[in-house]
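> Structure: start.txt, compact mmCIF, C-alpha atoms.
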```txt
# COMPACT_ATOMS: atom_id res chain seq x y z
CA MET A 174 120.92 66.27 108.10
CA GLY A 175 117.30 65.48 107.15
CA ILE A 176 115.14 67.85 105.16
CA VAL A 177 112.95 68.82 108.16
CA ALA A 178 115.95 69.38 110.40
CA GLY A 179 117.58 71.44 107.65
CA VAL A 180 114.52 73.69 107.35
CA TRP A 181 114.40 74.25 111.09
CA GLN A 182 118.14 74.96 111.19
CA THR A 183 117.71 77.60 108.48
CA LEU A 184 114.80 79.18 110.37
CA ARG A 185 116.86 79.10 113.54
CA GLU A 186 119.77 80.92 111.85
CA THR A 187 117.41 83.49 110.31
CA ILE A 188 115.82 84.39 113.64
CA SER A 189 119.25 84.49 115.28
CA ALA A 190 120.25 87.11 112.70
CA VAL A 191 117.10 89.12 113.51
CA VAL A 192 117.94 88.97 117.20
CA ASP A 193 121.51 90.14 116.55
CA THR A 194 120.29 92.97 114.31
CA ALA A 195 117.86 94.12 117.00
CA ALA A 196 120.95 94.70 119.14
CA PHE A 197 119.67 93.49 122.44
CA ALA A 198 121.75 91.39 124.82
CA MET A 199 120.50 87.85 125.27
CA SER A 200 121.96 86.35 128.43
CA LYS A 201 121.69 82.62 129.04
CA THR A 202 121.03 83.26 132.71
CA SER A 203 118.62 86.15 132.76
CA ARG A 204 116.79 88.66 130.59
CA GLU A 205 114.84 91.56 132.04
CA LEU A 206 112.38 93.68 130.12
CA GLY A 207 111.38 96.85 131.95
CA VAL A 208 107.84 98.05 131.40
CA ASP A 209 107.23 101.58 132.58
CA TYR A 210 104.08 102.88 134.20
CA PRO A 211 102.14 105.58 132.33
CA ARG A 212 103.33 109.19 132.38
CA GLY A 213 106.82 108.28 133.58
CA ALA A 214 105.81 107.37 137.11
CA ALA A 215 108.58 106.10 139.35
CA HIS A 216 107.00 102.67 139.63
CA GLY A 217 107.45 99.86 137.13
CA ILE A 218 107.19 96.18 136.50
CA THR A 219 109.68 93.75 135.05
CA ILE A 220 109.17 90.74 132.85
CA VAL A 221 111.88 88.27 133.82
CA ASP A 222 113.02 85.35 131.71
CA HIS A 223 115.52 83.13 133.53
CA GLY A 224 116.70 81.28 130.44
CA ASP A 225 114.40 78.26 130.64
CA HIS A 226 112.56 77.11 127.56
CA PHE A 227 109.41 79.11 127.01
CA ASP A 228 107.05 76.27 127.83
CA LYS A 229 108.94 75.54 131.06
CA LEU A 230 108.87 78.99 132.66
CA PRO A 231 107.95 78.59 136.36
CA ALA A 232 105.08 80.48 137.92
CA ALA A 233 107.57 82.68 139.77
CA ASP A 234 108.57 84.21 136.43
CA GLN A 235 105.14 85.68 135.75
CA ILE A 236 104.79 89.42 135.28
CA ALA A 237 104.83 91.09 138.67
CA HIS A 238 101.68 93.04 139.41
CA ALA A 239 103.52 95.88 141.05
CA VAL A 240 101.82 98.43 143.28
CA PRO A 241 103.05 101.96 143.99
CA ASP A 242 105.82 102.07 146.57
CA THR A 243 104.32 105.04 148.38
CA PRO A 244 100.69 105.49 149.46
CA VAL A 245 98.57 108.01 147.59
CA ASP A 246 98.36 111.34 149.40
CA LEU A 247 94.65 111.94 149.95
CA SER A 248 95.03 115.46 151.27
CA MET A 249 94.16 117.10 147.92
CA THR A 250 90.77 116.98 146.24
CA PRO A 251 92.05 115.64 142.87
CA GLN A 252 93.75 112.79 144.68
CA ASP A 253 90.60 112.12 146.69
CA ARG A 254 88.61 111.94 143.49
CA ALA A 255 91.20 109.77 141.72
CA GLN A 256 91.27 107.34 144.63
CA ALA A 257 87.48 107.16 144.63
CA VAL A 258 87.52 106.29 140.91
CA VAL A 259 90.05 103.52 141.47
CA ASP A 260 88.07 102.19 144.44
CA ARG A 261 84.84 101.85 142.46
CA SER A 262 86.49 100.46 139.33
CA GLN A 263 86.21 96.79 138.40
CA HIS A 264 89.82 96.71 137.27
CA MET A 265 90.71 93.06 136.60
CA ARG A 266 94.40 92.22 136.70
CA GLY A 267 95.41 89.36 134.43
CA ASP A 268 97.71 86.44 135.15
CA ASP A 269 100.79 85.48 133.16
CA LEU A 270 99.01 82.63 131.37
CA VAL A 271 102.21 81.83 129.50
CA ALA A 272 104.42 81.28 132.54
CA LEU A 273 101.62 79.44 134.34
CA ASP A 274 101.05 77.25 131.25
CA ARG A 275 97.30 77.90 131.30
CA LEU A 276 96.82 78.27 127.55
CA ASP A 277 95.63 75.35 125.44
CA THR A 278 97.64 76.47 122.42
CA GLN A 279 96.88 73.26 120.51
CA SER A 280 93.13 73.92 120.58
CA LEU A 281 93.68 77.60 119.74
CA TYR A 282 95.91 76.63 116.80
CA TRP A 283 93.49 74.12 115.28
CA GLU A 284 90.54 76.50 115.68
CA ALA A 285 92.52 79.25 113.94
CA LYS A 286 93.70 76.89 111.20
CA TYR A 287 90.16 75.64 110.56
CA ALA A 288 88.83 79.22 110.31
CA ALA A 289 91.69 80.52 108.14
CA GLU A 290 91.04 81.24 104.48
CA ASN A 291 94.76 81.55 103.80
CA ALA A 292 98.01 80.86 105.65
CA ASP A 293 98.39 84.39 107.04
CA ASP A 294 94.96 84.34 108.71
CA ILE A 295 96.14 82.02 111.47
CA TYR A 296 98.47 84.74 112.78
CA HIS A 297 95.93 87.50 113.41
CA ASN A 298 92.80 85.54 114.27
CA PRO A 299 90.34 87.76 116.19
CA ASP A 300 88.75 84.74 117.88
CA VAL A 301 92.10 83.83 119.47
CA PHE A 302 92.35 87.41 120.76
CA LYS A 303 88.82 87.19 122.19
CA GLN A 304 89.45 83.85 123.90
CA VAL A 305 92.59 85.07 125.63
CA ARG A 306 90.79 88.30 126.58
CA VAL A 307 87.96 86.34 128.20
CA ALA A 308 90.45 84.05 129.98
CA GLN A 309 92.09 87.14 131.51
CA LYS A 310 88.68 88.69 132.34
CA PHE A 311 89.75 91.74 130.37
CA ASP A 312 86.23 91.86 128.92
CA THR A 313 84.97 93.43 132.17
CA ALA A 314 83.23 96.81 131.75
CA PRO A 315 85.24 100.03 131.99
CA THR A 316 84.68 102.56 134.76
CA LEU A 317 82.46 105.48 133.71
CA GLY A 318 83.13 108.99 134.97
CA THR A 319 82.87 112.72 134.49
CA TYR A 320 85.27 115.33 133.18
CA GLU A 321 86.36 116.00 136.76
CA ASP A 322 87.06 112.30 137.31
CA MET A 323 89.18 112.22 134.18
CA GLU A 324 91.20 115.26 135.17
CA ALA A 325 91.84 113.79 138.61
CA ILE A 326 92.98 110.41 137.22
CA ILE A 327 95.28 112.04 134.66
CA GLN A 328 96.82 114.29 137.30
CA ASN A 329 97.50 111.22 139.43
CA GLY A 330 99.25 108.93 136.97
CA GLY A 331 96.59 107.92 134.44
CA THR A 332 97.31 107.99 130.71
CA GLU A 333 94.88 110.10 128.64
CA LEU A 334 93.69 108.44 125.43
CA PHE A 335 91.17 109.10 122.67
CA ALA A 336 89.42 106.53 120.49
CA ARG A 337 86.61 106.30 117.98
CA VAL A 338 83.63 104.11 118.82
CA PRO A 339 80.65 103.49 116.48
CA ARG A 340 77.72 105.60 117.67
CA ASP A 341 75.33 102.65 117.61
CA LYS A 342 77.74 100.65 119.82
CA LEU A 343 78.51 103.35 122.37
CA GLU A 344 76.16 102.11 125.10
CA GLU A 345 77.39 98.56 124.61
CA PHE A 346 80.96 99.82 124.96
CA TYR A 347 80.05 101.52 128.24
CA ARG A 348 78.60 98.22 129.52
CA GLY A 349 81.59 96.19 128.41
CA GLU A 350 79.55 94.26 125.84
CA TYR A 351 81.44 95.72 122.86
CA PHE A 352 85.16 96.29 122.43
CA PRO A 353 86.39 97.64 119.08
CA THR A 354 89.46 95.73 117.92
CA LYS A 355 91.72 95.79 114.90
CA THR A 356 95.35 95.09 114.03
CA VAL A 357 97.16 98.25 115.12
CA GLY A 358 100.52 98.27 113.32
CA THR A 359 103.45 96.90 115.33
CA MET A 360 101.27 96.71 118.45
CA GLY A 361 99.12 93.88 117.10
CA THR A 362 95.44 93.37 117.80
CA GLY A 363 93.73 95.67 120.29
CA MET A 364 91.59 98.79 120.63
CA GLU A 365 93.27 101.58 118.69
CA ALA A 366 93.69 104.77 120.73
CA TRP A 367 95.74 107.95 120.50
CA LYS A 368 97.31 110.18 123.12
CA GLU A 369 96.19 113.32 121.25
CA ARG A 370 92.63 113.93 120.05
CA TYR A 371 93.64 115.65 116.79
CA HIS A 372 94.88 112.35 115.31
CA LEU A 373 91.28 111.16 115.15
CA GLU A 374 90.14 114.31 113.37
CA LEU A 375 92.55 113.94 110.44
CA PRO A 376 91.20 113.08 106.98
CA GLY A 377 90.70 109.35 106.69
CA ARG A 378 89.96 108.88 110.40
CA ALA A 379 87.01 111.25 110.83
CA SER A 380 83.61 109.62 110.48
CA ASP A 381 79.99 110.63 111.06
CA ASP A 382 79.22 107.06 112.12
CA THR A 383 81.64 107.13 115.05
CA GLN A 384 82.15 109.26 118.12
CA ILE A 385 85.41 110.31 119.72
CA VAL A 386 85.60 108.97 123.27
CA ARG A 387 87.94 110.39 125.89
CA MET A 388 89.44 107.72 128.14
CA ALA A 389 92.30 107.16 130.56
CA LEU A 390 94.24 104.10 131.58
CA LEU A 391 94.07 103.76 135.35
CA PRO A 392 97.34 104.69 137.12
CA ASP A 393 98.27 101.08 137.96
CA ALA A 394 97.54 99.62 134.51
CA ILE A 395 100.35 97.43 133.14
CA VAL A 396 101.57 99.16 129.97
CA ALA A 397 104.27 97.73 127.70
CA ASP A 398 106.36 99.51 125.08
CA ALA A 399 105.76 97.75 121.76
CA ASN A 400 109.46 97.40 120.91
CA LYS A 401 110.30 95.83 124.27
CA LEU A 402 107.38 93.43 124.01
CA ILE A 403 108.49 92.38 120.52
CA ASP A 404 112.02 91.82 121.85
CA LEU A 405 110.66 89.42 124.45
CA GLN A 406 108.51 87.71 121.85
CA ILE A 407 111.53 87.12 119.59
CA ILE A 408 113.58 85.70 122.46
CA HIS A 409 110.87 83.23 123.41
CA ARG A 410 110.39 82.24 119.79
CA GLN A 411 114.12 81.55 119.46
CA ARG A 412 114.10 79.41 122.59
CA LEU A 413 111.14 77.37 121.38
CA ILE A 414 112.86 76.72 118.06
CA ASP A 415 115.97 75.56 119.94
CA HIS A 416 113.82 73.28 122.09
CA ILE A 417 112.08 71.76 119.07
CA LEU A 418 115.43 71.13 117.36
CA ASP A 419 116.81 69.49 120.50
CA LEU A 420 113.81 67.16 120.67
CA GLN A 421 114.06 66.30 116.98
CA GLU A 422 117.75 65.53 117.26
CA SER A 423 117.01 63.22 120.21
CA GLY A 424 114.36 61.40 118.18
CA ASP A 425 111.40 62.72 120.17
CA THR A 426 109.33 63.85 117.19
CA TRP A 427 106.06 63.63 119.15
CA GLY A 428 107.43 65.92 121.86
CA ALA A 429 108.56 68.38 119.19
CA GLU A 430 105.13 68.30 117.56
CA LYS A 431 103.37 69.11 120.85
CA ILE A 432 105.46 72.27 121.23
CA ARG A 433 104.84 73.44 117.68
CA SER A 434 101.49 75.04 118.62
CA LYS A 435 103.28 77.06 121.30
CA LEU A 436 105.72 78.26 118.64
CA TRP A 437 102.70 79.33 116.57
CA PHE A 438 101.29 81.28 119.52
CA ILE A 439 104.62 83.04 120.11
CA THR A 440 104.90 83.91 116.42
CA ASN A 441 101.30 85.11 116.54
CA ASP A 442 99.93 88.58 117.06
CA VAL A 443 102.04 90.60 119.54
CA GLY A 444 98.93 92.12 121.13
CA THR A 445 97.48 88.69 121.86
CA TYR A 446 100.86 87.52 123.15
CA GLY A 447 101.20 90.55 125.46
CA MET A 448 97.67 90.10 126.75
CA ALA A 449 98.41 86.45 127.55
CA ARG A 450 101.29 87.70 129.70
CA GLY A 451 99.02 90.11 131.58
CA VAL A 452 99.84 93.32 129.68
CA GLU A 453 96.84 95.68 129.63
CA ALA A 454 97.93 98.15 126.95
CA VAL A 455 100.74 98.48 124.41
CA THR A 456 102.15 101.85 123.36
CA PHE A 457 104.20 103.07 120.42
CA ASP A 458 104.98 106.79 120.09
CA SER A 459 101.65 108.65 120.09
CA MET A 460 99.55 105.51 119.68
CA ALA A 461 98.23 102.93 122.10
CA SER A 462 96.51 99.59 121.76
CA VAL A 463 94.24 98.86 124.72
CA LEU A 464 93.82 95.21 125.68
CA ASN A 465 91.97 95.43 129.00
CA GLY A 466 88.68 97.32 128.98
CA SER A 467 88.45 97.21 132.77
CA ALA A 468 91.69 99.22 133.02
CA LEU A 469 89.91 102.21 131.46
CA LEU A 470 88.07 105.21 132.85
CA VAL A 471 85.70 106.49 130.16
CA GLN A 472 84.32 110.03 130.22
CA THR A 473 80.59 110.02 129.48
CA ASP A 474 79.86 113.75 129.54
CA PRO A 475 80.87 115.99 126.60
CA ILE A 476 84.58 116.48 125.89
CA ARG A 477 85.59 120.03 126.69
```
Is it possible to give me this structure as structure tokens?


Amino acid sequence: MGIVAGVWQTLRETISAVVDTAAFAMSKTSRELGVDYPRGAAHGITIVDHGDHFDKLPAADQIAHAVPDTPVDLSMTPQDRAQAVVDRSQHMRGDDLVALDRLDTQSLYWEAKYAAENADDIYHNPDVFKQVRVAQKFDTAPTLGTYEDMEAIIQNGGTELFARVPRDKLEEFYRGEYFPTKTVGTMGTGMEAWKERYHLELPGRASDDTQIVRMALLPDAIVADANKLIDLQIIHRQRLIDHILDLQESGDTWGAEKIRSKLWFITNDVGTYGMARGVEAVTFDSMASVLNGSALLVQTDPIR
């Protein structure tokens, strides 16, 4: 076995051990990852992987943009108001750019590599996040509303969130021209938000230069649990490694090299990966990482 093949075999065995330790079943015929709607609504979406190599997933395997099974009852005022908010929103739903093979991962990789000051920088490059966000049209402005709008949305399936936004960027945030991003733990790059306001008032997070903003994810926003999204990411990474090894063993080194940038993208930031699949927010316990600004309702009057 050659040196390169030996290295890849070792990496393959290492990731296989990670997959086994994570204790999730990996079927060769199908793998379903349920992604629940906010606030435990009865509706959900499913990411389906039919066992093909990651770069060969057909368009039919894209994330389903599910809609509620039952129509919203408009007989109550809060529901009327919530429906009105949804109707006037500019909520942009993303495509599964991965399944549709619409990402130029080679260009993204070389741009990230050129900009990197060290090897780790290519895995959390903010410009890659921005490019995927623009491609999904997730840079569209949020919907602005009142306290009453917020209460109505939350009562009808929206997820209440709080975030800190620099005071001098607040108006730009309202217009969709500014979107605060950072690496948020296991959720990857995104806009850090919390389900409870008090988290932002703790020592170390409070700041006179920022303002707490009350927001809500719209009821039909696609929200992924961080652990489930990471599971899917690991599975796709494993399949790409297998594919590269198969091509190397067959002597197709050029084919293997072309796929290597896709392996980089899969290994990359989980927030960027989720966004490329059409996920609009990632959650972990009391935290959330928002990826799609247009999926937000932002309260502009004082928080009560």

> When distances are computed from only C-alpha atoms, which of A:Val452, A:Val307, A:Val463, A:Val443 shows the smallest separation from Lys368 in chain A?

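Nearest to Lys368 in chain A: A:Val463.
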
> For Ala257 in chain A, which of A:Asp300, A:Glu321, A:Asp458, A:Glu453 is the closest residue, counting only C-alpha atoms?

A:Glu321

> If you measure from CA of Ile295 in chain A to CA of Asp425 in chain A, what distance in Å do you get, rounded to one decimal?

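Straight-line distance from CA of Ile295 in chain A to CA of Asp425 in chain A works out to 26.1 Å.
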
> Quick one: pull the distance between CA of Leu413 in chain A and CA of Ile439 in chain A, Å, one decimal.

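Interatomic distance, CA of Leu413 in chain A to CA of Ile439 in chain A: 8.7 Å.
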
> So which one's closest to Gly451 in chain A, A:Met364, A:Val259, A:Ala394, A:Ala379? Using all atoms listed in the file, please.

A:Ala394

> Env of Ala255 in chain A: 7 Å cut, atoms = all atoms listed in the file, seq-sep filter 4 positions within chain, self excluded. Answer as a short mmCIF file (atom, residue, chain, number, x, y, z; two decimals) with C-alpha atoms, keeping the file's coordinate frame.


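Listing of part_20.cif after writing:
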```
data_model
loop_
_atom_site.label_atom_id
_atom_site.label_comp_id
_atom_site.auth_asym_id
_atom_site.auth_seq_id
_atom_site.Cartn_x
_atom_site.Cartn_y
_atom_site.Cartn_z
CA PRO A 251 92.05 115.64 142.87
CA VAL A 259 90.05 103.52 141.47
CA ASP A 322 87.06 112.30 137.31
CA ALA A 325 91.84 113.79 138.61
CA ILE A 326 92.98 110.41 137.22
CA ASN A 329 97.50 111.22 139.43
#
```

> CA of Met388 in chain A and CA of Pro475 in chain A, how far apart in Å?

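Answer for the CA of Pro475 in chain A to CA of Met388 in chain A separation: 12.0 Å.
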
> Considering all atoms listed in the file, return as a list in words whatever protein or nucleic-acid residues lie within 7 Å of Ala366 in chain A, sequence-local ones (same chain, fewer than 5 positions apart) excluded.

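Counting only the stated atoms, we get Leu334, Phe335, Ala336, Met460, Ala461 and Ser462 of chain A.
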
> Of the candidates A:Thr456, A:Asn441, A:Ser380, A:Thr356, which shows the shortest atom-to-atom distance to Asn400 in chain A, using only C-alpha atoms?

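The answer is A:Thr456, which sits nearest to Asn400 in chain A.
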
> Which residue gives the smallest distance to Lys310 in chain A among A:Gly358, A:Gly330, A:Gly428, A:Gly267, with only C-alpha atoms counted?

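Going through A:Gly358, A:Gly330, A:Gly428, A:Gly267 one by one, the smallest distance to Lys310 in chain A is for A:Gly267.
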
> A:Thr362, A:Gln384, A:Gln421, A:Gln309: which is nearest Lys342 in chain A, counting only C-alpha atoms?

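Closest to Lys342 in chain A, using only C-alpha atoms: A:Gln384.
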
> Which neighbours of Ile432 in chain A fall inside 10 Å, counting all atoms listed in the file, when residues of the same chain fewer than 3 positions from it are skipped, and could you give them as a ChimeraX atom specification?

/A:227-228,278-279,413-414,416-417,420,427-429,435-437

> Using all atoms listed in the file, can you list as a tab-separated table (two decimals) with C-alpha atoms, in the coordinates of the input the residues within 12 Å of (90.6, 100.8, 140.1)?


```tsv
chain	number	residue	atom	x	y	z
A	240	VAL	CA	101.82	98.43	143.28
A	254	ARG	CA	88.61	111.94	143.49
A	255	ALA	CA	91.20	109.77	141.72
A	256	GLN	CA	91.27	107.34	144.63
A	257	ALA	CA	87.48	107.16	144.63
A	258	VAL	CA	87.52	106.29	140.91
A	259	VAL	CA	90.05	103.52	141.47
A	260	ASP	CA	88.07	102.19	144.44
A	261	ARG	CA	84.84	101.85	142.46
A	262	SER	CA	86.49	100.46	139.33
A	263	GLN	CA	86.21	96.79	138.40
A	264	HIS	CA	89.82	96.71	137.27
A	265	MET	CA	90.71	93.06	136.60
A	266	ARG	CA	94.40	92.22	136.70
A	314	ALA	CA	83.23	96.81	131.75
A	315	PRO	CA	85.24	100.03	131.99
A	316	THR	CA	84.68	102.56	134.76
A	317	LEU	CA	82.46	105.48	133.71
A	326	ILE	CA	92.98	110.41	137.22
A	331	GLY	CA	96.59	107.92	134.44
A	389	ALA	CA	92.30	107.16	130.56
A	390	LEU	CA	94.24	104.10	131.58
A	391	LEU	CA	94.07	103.76	135.35
A	392	PRO	CA	97.34	104.69	137.12
A	393	ASP	CA	98.27	101.08	137.96
A	394	ALA	CA	97.54	99.62	134.51
A	466	GLY	CA	88.68	97.32	128.98
A	467	SER	CA	88.45	97.21	132.77
A	468	ALA	CA	91.69	99.22	133.02
A	469	LEU	CA	89.91	102.21	131.46
A	470	LEU	CA	88.07	105.21	132.85
```

> I'd like the contact shell of Tyr351 in chain A - 12 Å cut-off, all atoms listed in the file, skipping same-chain residues fewer than 5 positions apart - returned as a ChimeraX atom specification.

/A:303,311-315,338-346,364,466

> Which polymer residues have any atom within 10 Å of an atom of Thr445 in chain A, counting all atoms listed in the file, with same-chain residues fewer than 2 positions away left out, as a list in words?

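Here the answer would be Tyr296, His297, Asn298, Pro299, Val301, Phe302, Lys303, Gln304, Val305, Arg306, Met360, Gly361, Thr362, Gly363, Phe438, Ile439, Asn441, Asp442, Val443, Gly447, Met448, Ala449, Arg450, Gly451, Val452 and Leu464 of chain A.
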
> May I have the selected residues written with C-alpha atoms, as a compact mmCIF listing (two decimals), in the coordinates of the input?


```txt
# COMPACT_ATOMS: atom_id res chain seq x y z
CA TYR A 296 98.47 84.74 112.78
CA HIS A 297 95.93 87.50 113.41
CA ASN A 298 92.80 85.54 114.27
CA PRO A 299 90.34 87.76 116.19
CA VAL A 301 92.10 83.83 119.47
CA PHE A 302 92.35 87.41 120.76
CA LYS A 303 88.82 87.19 122.19
CA GLN A 304 89.45 83.85 123.90
CA VAL A 305 92.59 85.07 125.63
CA ARG A 306 90.79 88.30 126.58
CA MET A 360 101.27 96.71 118.45
CA GLY A 361 99.12 93.88 117.10
CA THR A 362 95.44 93.37 117.80
CA GLY A 363 93.73 95.67 120.29
CA PHE A 438 101.29 81.28 119.52
CA ILE A 439 104.62 83.04 120.11
CA ASN A 441 101.30 85.11 116.54
CA ASP A 442 99.93 88.58 117.06
CA VAL A 443 102.04 90.60 119.54
CA GLY A 447 101.20 90.55 125.46
CA MET A 448 97.67 90.10 126.75
CA ALA A 449 98.41 86.45 127.55
CA ARG A 450 101.29 87.70 129.70
CA GLY A 451 99.02 90.11 131.58
CA VAL A 452 99.84 93.32 129.68
CA LEU A 464 93.82 95.21 125.68
```

> Please rebuild range 440-457 of chain A with N, CA and C atoms and give the result as a PDB file, keeping the file's coordinate frame.


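Below is the file rebuild_13.pdb, written as the result:
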```pdb
ATOM      1  N   THR A 440     104.729  83.211 117.698  1.00  0.00           N
ATOM      2  CA  THR A 440     104.900  83.910 116.420  1.00  0.00           C
ATOM      3  C   THR A 440     103.668  84.740 116.096  1.00  0.00           C
ATOM      4  N   ASN A 441     102.593  84.488 116.815  1.00  0.00           N
ATOM      5  CA  ASN A 441     101.300  85.110 116.540  1.00  0.00           C
ATOM      6  C   ASN A 441     101.323  86.600 116.864  1.00  0.00           C
ATOM      7  N   ASP A 442     100.173  87.168 116.821  1.00  0.00           N
ATOM      8  CA  ASP A 442      99.930  88.580 117.060  1.00  0.00           C
ATOM      9  C   ASP A 442     100.557  89.050 118.378  1.00  0.00           C
ATOM     10  N   VAL A 443     101.342  90.135 118.341  1.00  0.00           N
ATOM     11  CA  VAL A 443     102.040  90.600 119.540  1.00  0.00           C
ATOM     12  C   VAL A 443     101.066  91.120 120.596  1.00  0.00           C
ATOM     13  N   GLY A 444      99.929  91.664 120.168  1.00  0.00           N
ATOM     14  CA  GLY A 444      98.930  92.120 121.130  1.00  0.00           C
ATOM     15  C   GLY A 444      98.336  90.964 121.913  1.00  0.00           C
ATOM     16  N   THR A 445      98.016  89.882 121.204  1.00  0.00           N
ATOM     17  CA  THR A 445      97.480  88.690 121.860  1.00  0.00           C
ATOM     18  C   THR A 445      98.522  88.083 122.786  1.00  0.00           C
ATOM     19  N   TYR A 446      99.773  88.052 122.324  1.00  0.00           N
ATOM     20  CA  TYR A 446     100.860  87.520 123.150  1.00  0.00           C
ATOM     21  C   TYR A 446     101.028  88.350 124.429  1.00  0.00           C
ATOM     22  N   GLY A 447     101.060  89.683 124.291  1.00  0.00           N
ATOM     23  CA  GLY A 447     101.200  90.550 125.460  1.00  0.00           C
ATOM     24  C   GLY A 447     100.054  90.371 126.426  1.00  0.00           C
ATOM     25  N   MET A 448      98.843  90.272 125.896  1.00  0.00           N
ATOM     26  CA  MET A 448      97.670  90.100 126.750  1.00  0.00           C
ATOM     27  C   MET A 448      97.759  88.782 127.519  1.00  0.00           C
ATOM     28  N   ALA A 449      98.257  87.730 126.874  1.00  0.00           N
ATOM     29  CA  ALA A 449      98.410  86.450 127.550  1.00  0.00           C
ATOM     30  C   ALA A 449      99.402  86.541 128.700  1.00  0.00           C
ATOM     31  N   ARG A 450     100.313  87.512 128.630  1.00  0.00           N
ATOM     32  CA  ARG A 450     101.290  87.700 129.700  1.00  0.00           C
ATOM     33  C   ARG A 450     100.798  88.674 130.761  1.00  0.00           C
ATOM     34  N   GLY A 451      99.596  89.226 130.582  1.00  0.00           N
ATOM     35  CA  GLY A 451      99.020  90.110 131.580  1.00  0.00           C
ATOM     36  C   GLY A 451      99.157  91.584 131.259  1.00  0.00           C
ATOM     37  N   VAL A 452      99.712  91.923 130.084  1.00  0.00           N
ATOM     38  CA  VAL A 452      99.840  93.320 129.680  1.00  0.00           C
ATOM     39  C   VAL A 452      98.455  93.871 129.349  1.00  0.00           C
ATOM     40  N   GLU A 453      98.174  95.104 129.789  1.00  0.00           N
ATOM     41  CA  GLU A 453      96.840  95.680 129.630  1.00  0.00           C
ATOM     42  C   GLU A 453      96.744  96.723 128.518  1.00  0.00           C
ATOM     43  N   ALA A 454      97.888  97.224 128.075  1.00  0.00           N
ATOM     44  CA  ALA A 454      97.930  98.150 126.950  1.00  0.00           C
ATOM     45  C   ALA A 454      99.346  98.157 126.394  1.00  0.00           C
ATOM     46  N   VAL A 455      99.441  98.393 125.085  1.00  0.00           N
ATOM     47  CA  VAL A 455     100.740  98.480 124.410  1.00  0.00           C
ATOM     48  C   VAL A 455     100.832  99.867 123.794  1.00  0.00           C
ATOM     49  N   THR A 456     101.998 100.506 123.908  1.00  0.00           N
ATOM     50  CA  THR A 456     102.150 101.850 123.360  1.00  0.00           C
ATOM     51  C   THR A 456     103.294 101.900 122.353  1.00  0.00           C
ATOM     52  N   PHE A 457     103.155 102.809 121.404  1.00  0.00           N
ATOM     53  CA  PHE A 457     104.200 103.070 120.420  1.00  0.00           C
ATOM     54  C   PHE A 457     104.067 104.523 119.988  1.00  0.00           C
TER      55      PHE A 457
END
```
